[in-house]
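Below is my_file.txt, which holds compact mmCIF, C-alpha atoms.
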# COMPACT_ATOMS: atom_id res chain seq x y z
CA MET A 1 17.84 14.29 32.97
CA LEU A 2 17.47 13.57 29.28
CA ILE A 3 14.25 14.56 27.51
CA GLU A 4 12.72 11.86 25.34
CA VAL A 5 11.30 12.88 21.98
CA LYS A 6 8.39 10.66 21.05
CA VAL A 7 5.97 10.38 18.15
CA PRO A 8 2.81 12.34 19.04
CA GLN A 9 -0.52 10.60 19.40
CA LEU A 10 -1.81 9.85 15.92
CA PRO A 11 -5.55 9.90 15.08
CA GLU A 12 -7.46 6.62 15.27
CA SER A 13 -7.62 6.41 11.49
CA VAL A 14 -3.79 6.58 11.24
CA SER A 15 -1.90 3.60 12.64
CA GLU A 16 1.67 4.58 11.76
CA ALA A 17 3.85 7.25 10.21
CA THR A 18 7.16 7.49 8.36
CA LEU A 19 10.09 9.66 9.46
CA VAL A 20 10.94 11.74 6.40
CA THR A 21 13.85 14.09 7.16
CA TRP A 22 15.72 14.93 10.35
CA HIS A 23 16.54 18.66 10.44
CA LYS A 24 19.06 18.27 13.26
CA LYS A 25 21.97 15.91 13.93
CA PRO A 26 23.34 14.49 17.19
CA GLY A 27 25.40 17.14 18.97
CA GLU A 28 23.48 20.07 17.48
CA TYR A 29 21.57 22.60 19.56
CA VAL A 30 17.81 22.91 19.10
CA ASN A 31 15.44 25.60 20.34
CA ARG A 32 12.14 24.80 22.00
CA ASP A 33 9.37 24.30 19.39
CA GLU A 34 11.92 24.21 16.56
CA ASN A 35 11.01 21.59 13.96
CA LEU A 36 13.06 18.45 14.51
CA ILE A 37 11.70 16.13 11.86
CA ASP A 38 8.87 15.74 9.35
CA LEU A 39 6.50 12.79 9.89
CA GLU A 40 4.57 11.57 6.87
CA THR A 41 1.22 9.91 7.45
CA ASP A 42 -1.17 8.64 4.83
CA LYS A 43 -2.89 12.04 4.88
CA VAL A 44 -0.48 14.83 5.77
CA VAL A 45 3.13 15.62 6.64
CA LEU A 46 3.38 16.67 10.28
CA GLU A 47 6.14 18.73 11.88
CA LEU A 48 7.44 17.46 15.21
CA PRO A 49 8.74 20.37 17.32
CA ALA A 50 11.35 20.04 20.04
CA PRO A 51 9.66 19.71 23.45
CA GLN A 52 12.51 21.60 25.10
CA ALA A 53 15.68 23.46 24.15
CA GLY A 54 18.96 21.60 24.42
CA VAL A 55 21.46 19.44 22.58
CA ILE A 56 20.39 16.35 20.67
CA VAL A 57 22.45 13.53 22.11
CA GLU A 58 20.89 10.61 20.26
CA ILE A 59 18.66 9.91 17.28
CA VAL A 60 17.02 6.54 17.88
CA GLU A 61 15.11 6.20 14.60
CA GLN A 62 16.60 7.33 11.32
CA ASP A 63 15.07 8.76 8.13
CA GLY A 64 12.64 6.32 6.50
CA ALA A 65 11.76 4.48 9.70
CA THR A 66 8.14 3.47 10.29
CA VAL A 67 6.96 4.58 13.72
CA THR A 68 3.80 4.49 15.83
CA SER A 69 2.20 6.74 18.45
CA GLY A 70 4.37 7.28 21.52
CA GLN A 71 7.47 5.62 20.03
CA LEU A 72 10.83 7.03 21.15
CA ILE A 73 12.78 8.59 18.28
CA ALA A 74 15.38 10.88 19.93
CA ARG A 75 16.80 12.24 23.19
CA ILE A 76 17.66 15.83 24.13
CA ASP A 77 19.88 17.03 26.99
CA PRO A 78 18.31 20.26 28.31
CA THR A 79 21.21 20.97 30.69
CA ALA A 80 23.30 22.10 27.74
CA GLN A 81 21.08 25.08 27.08
CA ALA A 82 22.50 27.19 29.93
CA GLY A 83 25.92 27.31 28.30
CA ALA A 84 24.62 27.84 24.77
CA ALA A 85 24.99 31.47 23.68
CA ALA A 86 23.14 30.79 20.42
CA PRO A 87 21.77 27.84 18.51
CA ALA A 88 24.44 28.23 15.87
CA ALA A 89 26.65 25.24 15.21
CA SER A 90 29.76 27.14 16.35
CA ALA A 91 28.20 27.80 19.75
CA VAL A 92 27.08 24.23 20.25
CA THR A 93 30.60 22.88 20.75
CA ALA A 94 31.24 25.28 23.60
CA ALA A 95 27.78 24.74 25.04
CA VAL A 96 28.17 20.99 25.37
CA SER A 97 31.35 21.12 27.40
CA PRO A 98 30.86 18.51 30.14
CA VAL A 99 32.62 20.71 32.72
CA ALA A 100 30.40 23.76 32.10
CA THR A 101 26.99 22.15 31.58
CA ALA A 102 26.79 18.56 32.68
CA ALA A 103 24.64 18.20 35.76
CA THR A 104 25.40 14.50 36.26
CA PRO A 105 28.19 12.10 35.33
CA GLU A 106 25.77 10.31 33.00
CA ALA A 107 24.94 13.56 31.20
CA ALA A 108 28.64 14.43 30.99
CA ALA A 109 29.39 11.11 29.33
CA VAL A 110 26.54 11.56 26.88
CA ILE A 111 27.54 15.10 25.93
CA ALA A 112 31.17 14.10 25.55
CA SER A 113 30.05 11.36 23.20
CA ALA A 114 28.05 13.86 21.15
CA GLN A 115 30.98 16.31 21.16
CA ALA A 116 33.31 13.66 19.75
CA GLY A 117 31.20 13.47 16.63
CA HIS A 118 27.63 14.00 15.55
CA ASN A 119 27.22 10.42 14.54
CA GLN A 120 28.87 8.95 17.66
CA VAL A 121 26.69 6.29 19.28
CA MET A 122 26.37 5.77 23.03
CA ALA A 123 27.80 2.30 23.58
CA MET A 124 29.57 0.29 26.25
CA PRO A 125 33.31 -0.42 25.71
CA ALA A 126 32.66 -4.16 25.29
CA ALA A 127 30.04 -3.36 22.64
CA ARG A 128 32.45 -1.10 20.75
CA LYS A 129 35.17 -3.75 20.85
CA LEU A 130 32.87 -6.46 19.54
CA ALA A 131 31.48 -4.14 16.83
CA ALA A 132 35.00 -3.32 15.65
CA GLU A 133 35.92 -7.02 15.52
CA THR A 134 32.78 -8.11 13.67
CA GLY A 135 32.26 -5.09 11.40
CA VAL A 136 28.85 -4.22 12.85
CA ASP A 137 27.77 -0.60 12.25
CA LEU A 138 26.85 0.79 15.68
CA THR A 139 24.67 3.49 14.13
CA ALA A 140 22.37 0.73 12.89
CA VAL A 141 22.12 -0.96 16.31
CA LYS A 142 19.30 -0.05 18.69
CA GLY A 143 20.57 0.09 22.24
CA SER A 144 18.70 -1.61 25.07
CA GLY A 145 20.79 -0.22 27.91
CA ARG A 146 20.22 2.81 30.09
CA ASP A 147 19.47 5.94 28.08
CA GLY A 148 19.61 3.83 24.94
CA ARG A 149 23.23 2.74 25.29
CA VAL A 150 24.32 -0.10 23.04
CA LEU A 151 25.27 -3.22 25.00
CA LYS A 152 27.41 -6.15 23.96
CA GLU A 153 24.24 -8.24 23.63
CA ASP A 154 22.80 -5.69 21.19
CA VAL A 155 25.83 -6.04 18.94
CA GLN A 156 25.60 -9.82 19.13
CA ASN A 157 21.94 -9.70 18.12
CA ALA A 158 22.73 -7.34 15.25
CA LYS A 159 25.49 -9.68 14.09
CA ALA A 160 23.07 -12.62 14.14
CA ALA A 161 20.50 -10.74 12.10
CA PRO A 162 22.42 -8.39 9.77
CA ALA A 163 19.46 -8.03 7.46
CA ALA A 164 17.35 -6.31 10.11
CA ALA A 165 18.93 -2.91 9.59
CA ALA A 166 18.53 -3.15 5.83
CA ALA A 167 14.82 -3.87 6.17
CA ARG A 168 14.05 -0.30 7.13
CA PRO A 169 12.40 1.51 4.18
CA ALA A 170 14.16 4.51 2.73
CA ALA A 171 12.38 7.82 2.34
CA PRO A 172 10.86 8.14 -1.16
CA SER A 173 13.15 9.95 -3.59
CA PRO A 174 12.00 12.35 -6.29
CA VAL A 175 11.97 11.03 -9.85
CA ASN A 176 14.98 12.12 -11.91
CA VAL A 177 13.09 13.21 -15.01
CA ALA A 178 16.23 14.27 -16.86
CA ALA A 179 17.75 10.81 -16.46
CA LEU A 180 14.61 9.19 -17.85
CA LEU A 181 15.01 11.02 -21.14
CA GLY A 182 17.94 8.83 -22.15
CA GLU A 183 17.82 5.71 -24.30
CA ARG A 184 16.01 3.03 -22.25
CA PRO A 185 16.55 3.77 -18.55
CA GLU A 186 14.36 2.79 -15.61
CA GLN A 187 14.10 4.27 -12.16
CA ARG A 188 12.44 2.58 -9.20
CA VAL A 189 11.02 4.97 -6.59
CA ALA A 190 9.23 3.95 -3.41
CA MET A 191 5.64 5.17 -3.08
CA SER A 192 5.12 7.84 -0.46
CA ARG A 193 2.82 6.92 2.39
CA LEU A 194 0.17 9.24 0.93
CA ARG A 195 0.39 7.57 -2.48
CA GLN A 196 0.10 4.13 -0.88
CA ARG A 197 -2.99 5.24 1.02
CA VAL A 198 -4.55 6.80 -2.08
CA ALA A 199 -3.99 3.55 -3.99
CA GLU A 200 -5.49 1.55 -1.13
CA ARG A 201 -8.56 3.79 -0.90
CA LEU A 202 -9.19 3.78 -4.64
CA LEU A 203 -9.06 0.00 -4.78
CA GLU A 204 -11.31 -0.22 -1.74
CA SER A 205 -13.83 2.08 -3.42
CA GLN A 206 -13.83 0.08 -6.64
CA GLN A 207 -14.16 -3.24 -4.84
CA THR A 208 -16.82 -2.36 -2.25
CA ASN A 209 -19.05 0.21 -3.99
CA ALA A 210 -21.47 -0.38 -6.84
CA ILE A 211 -20.22 2.67 -8.74
CA LEU A 212 -22.29 4.16 -11.53
CA THR A 213 -21.81 7.57 -13.17
CA THR A 214 -24.44 9.91 -14.56
CA PHE A 215 -23.55 12.83 -16.85
CA ASN A 216 -24.99 16.19 -17.73
CA GLU A 217 -23.81 19.49 -19.18
CA VAL A 218 -24.17 22.98 -17.80
CA ASN A 219 -24.23 26.38 -19.46
CA MET A 220 -21.66 28.43 -17.54
CA LYS A 221 -22.62 31.78 -19.09
CA PRO A 222 -24.99 32.98 -16.33
CA VAL A 223 -22.50 32.38 -13.52
CA MET A 224 -19.62 33.70 -15.65
CA ASP A 225 -21.57 36.92 -16.31
CA LEU A 226 -22.39 37.21 -12.60
CA ARG A 227 -18.76 36.75 -11.66
CA ALA A 228 -17.55 39.27 -14.26
CA GLN A 229 -20.04 41.84 -12.97
CA TYR A 230 -19.21 41.56 -9.27
CA LYS A 231 -15.70 40.09 -8.97
CA ASP A 232 -13.96 43.43 -8.33
CA ARG A 233 -16.50 44.61 -5.77
CA PHE A 234 -16.54 41.14 -4.18
CA GLU A 235 -12.75 41.09 -3.74
CA LYS A 236 -12.73 44.64 -2.36
CA ALA A 237 -15.50 43.87 0.13
CA HIS A 238 -14.36 40.42 1.28
CA GLY A 239 -10.61 40.38 0.59
CA VAL A 240 -10.80 37.20 -1.49
CA LYS A 241 -11.26 36.52 -5.20
CA LEU A 242 -14.61 35.30 -6.49
CA GLY A 243 -14.10 31.95 -8.22
CA PHE A 244 -16.39 29.29 -9.64
CA MET A 245 -15.86 26.60 -7.01
CA GLY A 246 -17.82 28.57 -4.43
CA PHE A 247 -20.86 28.54 -6.70
CA PHE A 248 -20.56 24.78 -7.17
CA VAL A 249 -20.26 24.18 -3.41
CA LYS A 250 -23.42 26.21 -2.90
CA ALA A 251 -25.17 24.39 -5.76
CA VAL A 252 -24.17 20.98 -4.37
CA VAL A 253 -25.48 21.82 -0.88
CA HIS A 254 -28.70 23.04 -2.54
CA ALA A 255 -29.05 19.68 -4.33
CA LEU A 256 -28.13 17.58 -1.28
CA LYS A 257 -30.86 19.24 0.75
CA LYS A 258 -33.37 18.13 -1.86
CA TYR A 259 -31.97 14.59 -2.10
CA PRO A 260 -30.44 13.70 1.30
CA ILE A 261 -29.68 10.11 0.25
CA VAL A 262 -26.85 11.49 -1.92
CA ASN A 263 -25.34 13.01 1.23
CA ALA A 264 -25.60 9.70 3.12
CA SER A 265 -23.06 6.89 3.62
CA VAL A 266 -23.03 3.13 4.15
CA ASP A 267 -22.03 1.54 7.44
CA GLY A 268 -22.30 -2.24 7.18
CA THR A 269 -25.97 -2.90 6.47
CA ASP A 270 -27.05 0.55 7.67
CA ILE A 271 -27.57 3.78 5.77
CA VAL A 272 -26.31 6.79 7.72
CA TYR A 273 -28.09 10.04 6.85
CA HIS A 274 -26.03 13.12 7.70
CA GLY A 275 -27.82 16.21 8.97
CA TYR A 276 -24.84 18.38 8.05
CA PHE A 277 -22.98 19.18 4.84
CA ASP A 278 -19.21 18.71 5.01
CA ILE A 279 -18.01 19.13 1.44
CA GLY A 280 -14.59 17.85 0.41
CA VAL A 281 -12.76 19.80 -2.28
CA ALA A 282 -10.03 17.87 -4.07
CA VAL A 283 -6.78 19.86 -4.21
CA GLY A 284 -3.52 18.98 -5.91
CA SER A 285 -0.30 19.15 -3.89
CA PRO A 286 3.36 18.21 -4.46
CA ARG A 287 2.69 14.99 -2.52
CA GLY A 288 -0.43 14.07 -4.48
CA LEU A 289 -4.17 14.61 -4.31
CA VAL A 290 -5.61 15.70 -0.96
CA VAL A 291 -9.23 16.45 -0.04
CA PRO A 292 -9.64 19.09 2.71
CA ILE A 293 -13.15 19.46 4.11
CA ILE A 294 -15.34 22.57 4.19
CA ARG A 295 -17.31 21.96 7.40
CA ASN A 296 -20.96 23.02 7.63
CA ALA A 297 -20.89 24.44 4.11
CA ASP A 298 -24.61 25.18 4.31
CA GLN A 299 -23.95 27.73 7.05
CA LEU A 300 -21.18 29.58 5.21
CA SER A 301 -21.45 32.56 2.89
CA LEU A 302 -19.99 32.50 -0.59
CA ALA A 303 -17.10 34.63 0.67
CA ASP A 304 -16.42 32.23 3.55
CA ILE A 305 -16.32 29.28 1.15
CA GLU A 306 -13.99 31.04 -1.30
CA ARG A 307 -11.75 32.06 1.60
CA GLN A 308 -11.46 28.48 2.84
CA ILE A 309 -10.80 27.12 -0.64
CA ALA A 310 -8.02 29.67 -1.23
CA ASP A 311 -6.50 28.87 2.15
CA PHE A 312 -6.66 25.11 1.49
CA GLY A 313 -4.98 25.52 -1.89
CA LYS A 314 -2.13 27.58 -0.45
CA ARG A 315 -1.47 25.31 2.51
CA ALA A 316 -1.73 22.18 0.38
CA GLN A 317 1.22 23.44 -1.66
CA GLU A 318 3.13 24.15 1.55
CA GLY A 319 2.19 20.82 3.14
CA LYS A 320 0.55 22.63 6.07
CA LEU A 321 -2.91 21.01 6.05
CA THR A 322 -3.84 19.41 9.36
CA MET A 323 -5.14 15.91 9.95
CA GLU A 324 -8.51 17.23 11.11
CA GLU A 325 -8.98 19.20 7.90
CA LEU A 326 -8.54 16.04 5.82
CA THR A 327 -10.79 13.79 7.88
CA GLY A 328 -14.49 13.18 7.35
CA GLY A 329 -16.68 14.71 4.68
CA THR A 330 -20.10 13.72 3.36
CA TYR A 331 -19.63 14.59 -0.33
CA THR A 332 -16.67 15.48 -2.57
CA ILE A 333 -16.14 17.82 -5.53
CA SER A 334 -13.23 17.20 -7.90
CA ASN A 335 -12.31 19.68 -10.62
CA GLY A 336 -10.31 17.99 -13.36
CA GLY A 337 -11.07 20.97 -15.56
CA THR A 338 -8.14 22.85 -14.04
CA PHE A 339 -5.89 20.42 -15.93
CA GLY A 340 -7.96 20.51 -19.13
CA SER A 341 -10.04 17.36 -18.61
CA MET A 342 -13.17 17.27 -20.76
CA MET A 343 -14.78 14.15 -19.30
CA SER A 344 -14.08 11.64 -16.54
CA THR A 345 -15.74 9.21 -14.15
CA PRO A 346 -14.62 10.23 -10.65
CA ILE A 347 -14.14 7.52 -8.03
CA ILE A 348 -16.13 7.76 -4.80
CA ASN A 349 -14.21 8.63 -1.64
CA PRO A 350 -15.32 5.99 0.95
CA PRO A 351 -17.42 6.00 3.06
CA GLN A 352 -19.16 8.72 1.05
CA ALA A 353 -21.78 7.67 -1.46
CA ALA A 354 -21.25 10.19 -4.26
CA ILE A 355 -18.78 12.57 -5.86
CA LEU A 356 -19.12 15.37 -8.41
CA GLY A 357 -16.61 15.77 -11.22
CA MET A 358 -16.22 19.20 -12.84
CA HIS A 359 -14.45 19.59 -16.17
CA ALA A 360 -13.04 22.18 -18.53
CA THR A 361 -15.33 24.89 -19.88
CA ARG A 362 -15.35 25.05 -23.69
CA GLU A 363 -17.38 27.11 -26.11
CA ARG A 364 -19.75 24.88 -28.08
CA ALA A 365 -22.64 25.32 -30.47
CA MET A 366 -25.95 24.87 -28.62
CA VAL A 367 -29.55 25.14 -29.77
CA GLU A 368 -31.69 27.63 -27.82
CA ASN A 369 -35.23 28.51 -28.91
CA GLY A 370 -34.56 27.03 -32.34
CA GLN A 371 -31.39 29.08 -32.82
CA VAL A 372 -27.79 27.88 -32.86
CA VAL A 373 -25.76 29.90 -30.37
CA VAL A 374 -22.29 29.63 -28.88
CA ARG A 375 -22.21 28.96 -25.15
CA PRO A 376 -19.44 28.16 -22.63
CA MET A 377 -20.35 24.60 -21.66
CA MET A 378 -19.02 22.23 -19.00
CA TYR A 379 -19.64 18.52 -18.66
CA LEU A 380 -20.62 17.37 -15.18
CA ALA A 381 -20.21 13.79 -13.94
CA GLN A 382 -21.62 12.41 -10.70
CA SER A 383 -20.48 8.96 -9.60
CA TYR A 384 -22.66 7.34 -6.96
CA ASP A 385 -22.99 4.16 -4.95
CA HIS A 386 -25.88 2.30 -6.54
CA ARG A 387 -26.29 0.20 -3.41
CA ILE A 388 -28.15 3.04 -1.69
CA ILE A 389 -28.71 5.68 -4.38
CA ASP A 390 -31.16 4.89 -7.16
CA GLY A 391 -30.78 6.32 -10.62
CA ARG A 392 -33.67 8.72 -10.09
CA GLU A 393 -32.05 10.49 -7.11
CA ALA A 394 -28.65 10.47 -8.78
CA VAL A 395 -29.93 12.07 -11.99
CA LEU A 396 -32.25 14.57 -10.32
CA SER A 397 -29.59 15.71 -7.84
CA LEU A 398 -27.18 16.38 -10.70
CA VAL A 399 -29.92 18.25 -12.57
CA ALA A 400 -30.45 20.34 -9.43
CA VAL A 401 -26.75 21.29 -9.49
CA LYS A 402 -27.03 22.17 -13.18
CA ASP A 403 -30.16 24.30 -12.64
CA ALA A 404 -28.58 26.21 -9.76
CA ILE A 405 -25.49 27.06 -11.83
CA GLU A 406 -27.51 28.09 -14.87
CA ASP A 407 -29.84 30.21 -12.71
CA PRO A 408 -27.96 31.34 -9.56
CA ALA A 409 -31.07 33.13 -8.31
CA ARG A 410 -32.38 29.70 -7.30
CA LEU A 411 -29.75 29.64 -4.55
CA LEU A 412 -31.15 32.85 -3.07
CA LEU A 413 -34.79 31.85 -3.42
CA ASP A 414 -34.20 28.21 -2.37
CA LEU A 415 -35.97 26.87 -5.46
What do you get writing this file as structure tokens?
Amino acid sequence: MLIEVKVPQLPESVSEATLVTWHKKPGEYVNRDENLIDLETDKVVLELPAPQAGVIVEIVEQDGATVTSGQLIARIDPTAQAGAAAPAASAVTAAVSPVATAATPEAAAVIASAQAGHNQVMAMPAARKLAAETGVDLTAVKGSGRDGRVLKEDVQNAKAAPAAAAARPAAPSPVNVAALLGERPEQRVAMSRLRQRVAERLLESQQTNAILTTFNEVNMKPVMDLRAQYKDRFEKAHGVKLGFMGFFVKAVVHALKKYPIVNASVDGTDIVYHGYFDIGVAVGSPRGLVVPIIRNADQLSLADIERQIADFGKRAQEGKLTMEELTGGTYTISNGGTFGSMMSTPIINPPQAAILGMHATRERAMVENGQVVVRPMMYLAQSYDHRIIDGREAVLSLVAVKDAIEDPARLLLDL
């Protein structure tokens, strides 16, 4: 009996996914739980493991195909595993011998087809004859027969609609930067699903929210001195480096407790107040910007927050963030300062109502007690949805963040 490989159940917020890269070909052996293919959603790239060990006898959907939950994408023959000494390609040929491993005539025919060539398609003789006469590529024809076999009618339908196979989108290709340095070249590259979703969300935010941004500046010297004093002991005690983002997460939670409307969201004509603090931290990845969520940030220690941020950053680079970690959130922090940004107006992440933008720290001349002194200063920008947040709450909440950073003792004393 052939094992069907299907797209796993996607979250409600994700309607479809794109098949990025098959790691196995028809006729190759696969171990149980070995990654078969990468599925790209509008949030993360998921790995689809093999449900059972065996030989892949058919790939139904190719790279670049758009698929939905529960859709069939491949078939595996588990009866071939008994004769497979190892998953190496050299052992696969011996393992798929129809005499040694086929439990049924149908399985024998399928394995023999796979053995004849990795790209061999299961098709009826009449279908092969018609395909050869009309020039139809059988690999581009989806079979409707038993076990996905291509019937004569399938070839006839493909002949009547030759453009159908070409309509399938190709997987996005990386930009050839070297080629673009010529005289006047152009290169067209399809947007990844993540980039399409980011574009959609940004437009949605601009079109539905009444976005306004308030600015302030913060003296980073107190928190920088605190970090310099305790960073070595902190890392030794907790096994994680002490950064600045942890302080800002703590400061934001401190401010949101004072002004809960900034932690709220809009749902139709209702304002939803959240009694929890799930803080999104924008992280750059090879696929684009992602925002993993620090759940219940108010209940976490500074070490716990720094540990989660470090873990998010590492797994974002590896593409290992899960769908659950990128879903939800009541407030977002974005740090453009890591790239040298001095000032920006961050865009709200719907359905949230506000977002904090951090920027680069630069030494500037400041006046303190009538004296000009040099201080490491950072500009802060908080964009907010003016539909539910008035200017007073927006400004005061940002001032609360500033005060907490300039006097970290406030976080301990809850002032």
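A straight line drawn from atom CA of A:Arg375 to atom CA of A:Lys221 is 6.7 Å long.
Between atom CA of A:Ala360 and atom CA of A:Pro222 there is a distance of 16.3 Å.
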List every protein, DNA or RNA residue that has an atom no more than 8 Å from (-19.8, 18.5, -17.6) in the file's coordinate frame, counting all atoms listed in the file, and report them as a PDB file with C-alpha atoms, keeping the file's coordinate frame.
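What follows is the written file selection.pdb:
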ATOM      1  CA  PHE A 215     -23.550  12.830 -16.850  1.00  0.00           C
ATOM      2  CA  ASN A 216     -24.990  16.190 -17.730  1.00  0.00           C
ATOM      3  CA  GLU A 217     -23.810  19.490 -19.180  1.00  0.00           C
ATOM      4  CA  VAL A 218     -24.170  22.980 -17.800  1.00  0.00           C
ATOM      5  CA  MET A 342     -13.170  17.270 -20.760  1.00  0.00           C
ATOM      6  CA  MET A 343     -14.780  14.150 -19.300  1.00  0.00           C
ATOM      7  CA  GLY A 357     -16.610  15.770 -11.220  1.00  0.00           C
ATOM      8  CA  MET A 358     -16.220  19.200 -12.840  1.00  0.00           C
ATOM      9  CA  HIS A 359     -14.450  19.590 -16.170  1.00  0.00           C
ATOM     10  CA  ALA A 360     -13.040  22.180 -18.530  1.00  0.00           C
ATOM     11  CA  MET A 377     -20.350  24.600 -21.660  1.00  0.00           C
ATOM     12  CA  MET A 378     -19.020  22.230 -19.000  1.00  0.00           C
ATOM     13  CA  TYR A 379     -19.640  18.520 -18.660  1.00  0.00           C
ATOM     14  CA  LEU A 380     -20.620  17.370 -15.180  1.00  0.00           C
ATOM     15  CA  ALA A 381     -20.210  13.790 -13.940  1.00  0.00           C
TER      16      ALA A 381
END
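Residue nearest A:Asp407 within the list A:Leu300, A:Leu72, A:Ile293, A:Ala251: A:Ala251 [criterion: smallest interatomic distance, all atoms listed in the file].
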Report task. In Å, rounded to a single decimal, give me how far atom CA of A:Pro346 is from atom CA of A:Ile389. Result -> 16.1 Å
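The nearest approach to A:Asp270 among the residues A:Val5, A:Ile388, A:Ile73, A:Ala53, with only C-alpha atoms taken into account, belongs to A:Ile388.
Restricting the calculation to only C-alpha atoms, the smallest distance between A:Ala210 and any of A:Lys6, A:Arg387, A:Arg197, A:Arg362 is found for A:Arg387.
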Excluding A:Met245 and any residue of its chain fewer than 2 positions from it, enumerate the residues within 10 Å of it, using only C-alpha atoms, and give them as a PDB file with C-alpha atoms, in the coordinates of the input.
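This went into result12.pdb:
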ATOM      1  CA  LEU A 242     -14.610  35.300  -6.490  1.00  0.00           C
ATOM      2  CA  GLY A 243     -14.100  31.950  -8.220  1.00  0.00           C
ATOM      3  CA  PHE A 247     -20.860  28.540  -6.700  1.00  0.00           C
ATOM      4  CA  PHE A 248     -20.560  24.780  -7.170  1.00  0.00           C
ATOM      5  CA  VAL A 249     -20.260  24.180  -3.410  1.00  0.00           C
ATOM      6  CA  LYS A 250     -23.420  26.210  -2.900  1.00  0.00           C
ATOM      7  CA  ALA A 251     -25.170  24.390  -5.760  1.00  0.00           C
ATOM      8  CA  VAL A 281     -12.760  19.800  -2.280  1.00  0.00           C
ATOM      9  CA  LEU A 302     -19.990  32.500  -0.590  1.00  0.00           C
ATOM     10  CA  ILE A 305     -16.320  29.280   1.150  1.00  0.00           C
ATOM     11  CA  GLU A 306     -13.990  31.040  -1.300  1.00  0.00           C
ATOM     12  CA  ILE A 309     -10.800  27.120  -0.640  1.00  0.00           C
ATOM     13  CA  ILE A 333     -16.140  17.820  -5.530  1.00  0.00           C
ATOM     14  CA  SER A 334     -13.230  17.200  -7.900  1.00  0.00           C
ATOM     15  CA  ASN A 335     -12.310  19.680 -10.620  1.00  0.00           C
ATOM     16  CA  MET A 358     -16.220  19.200 -12.840  1.00  0.00           C
TER      17      MET A 358
END
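Ranking A:Arg184, A:Lys236, A:His274, A:Arg287 by their shortest atom-to-atom distance to A:Val198, with all atoms listed in the file included, puts A:Arg287 first.
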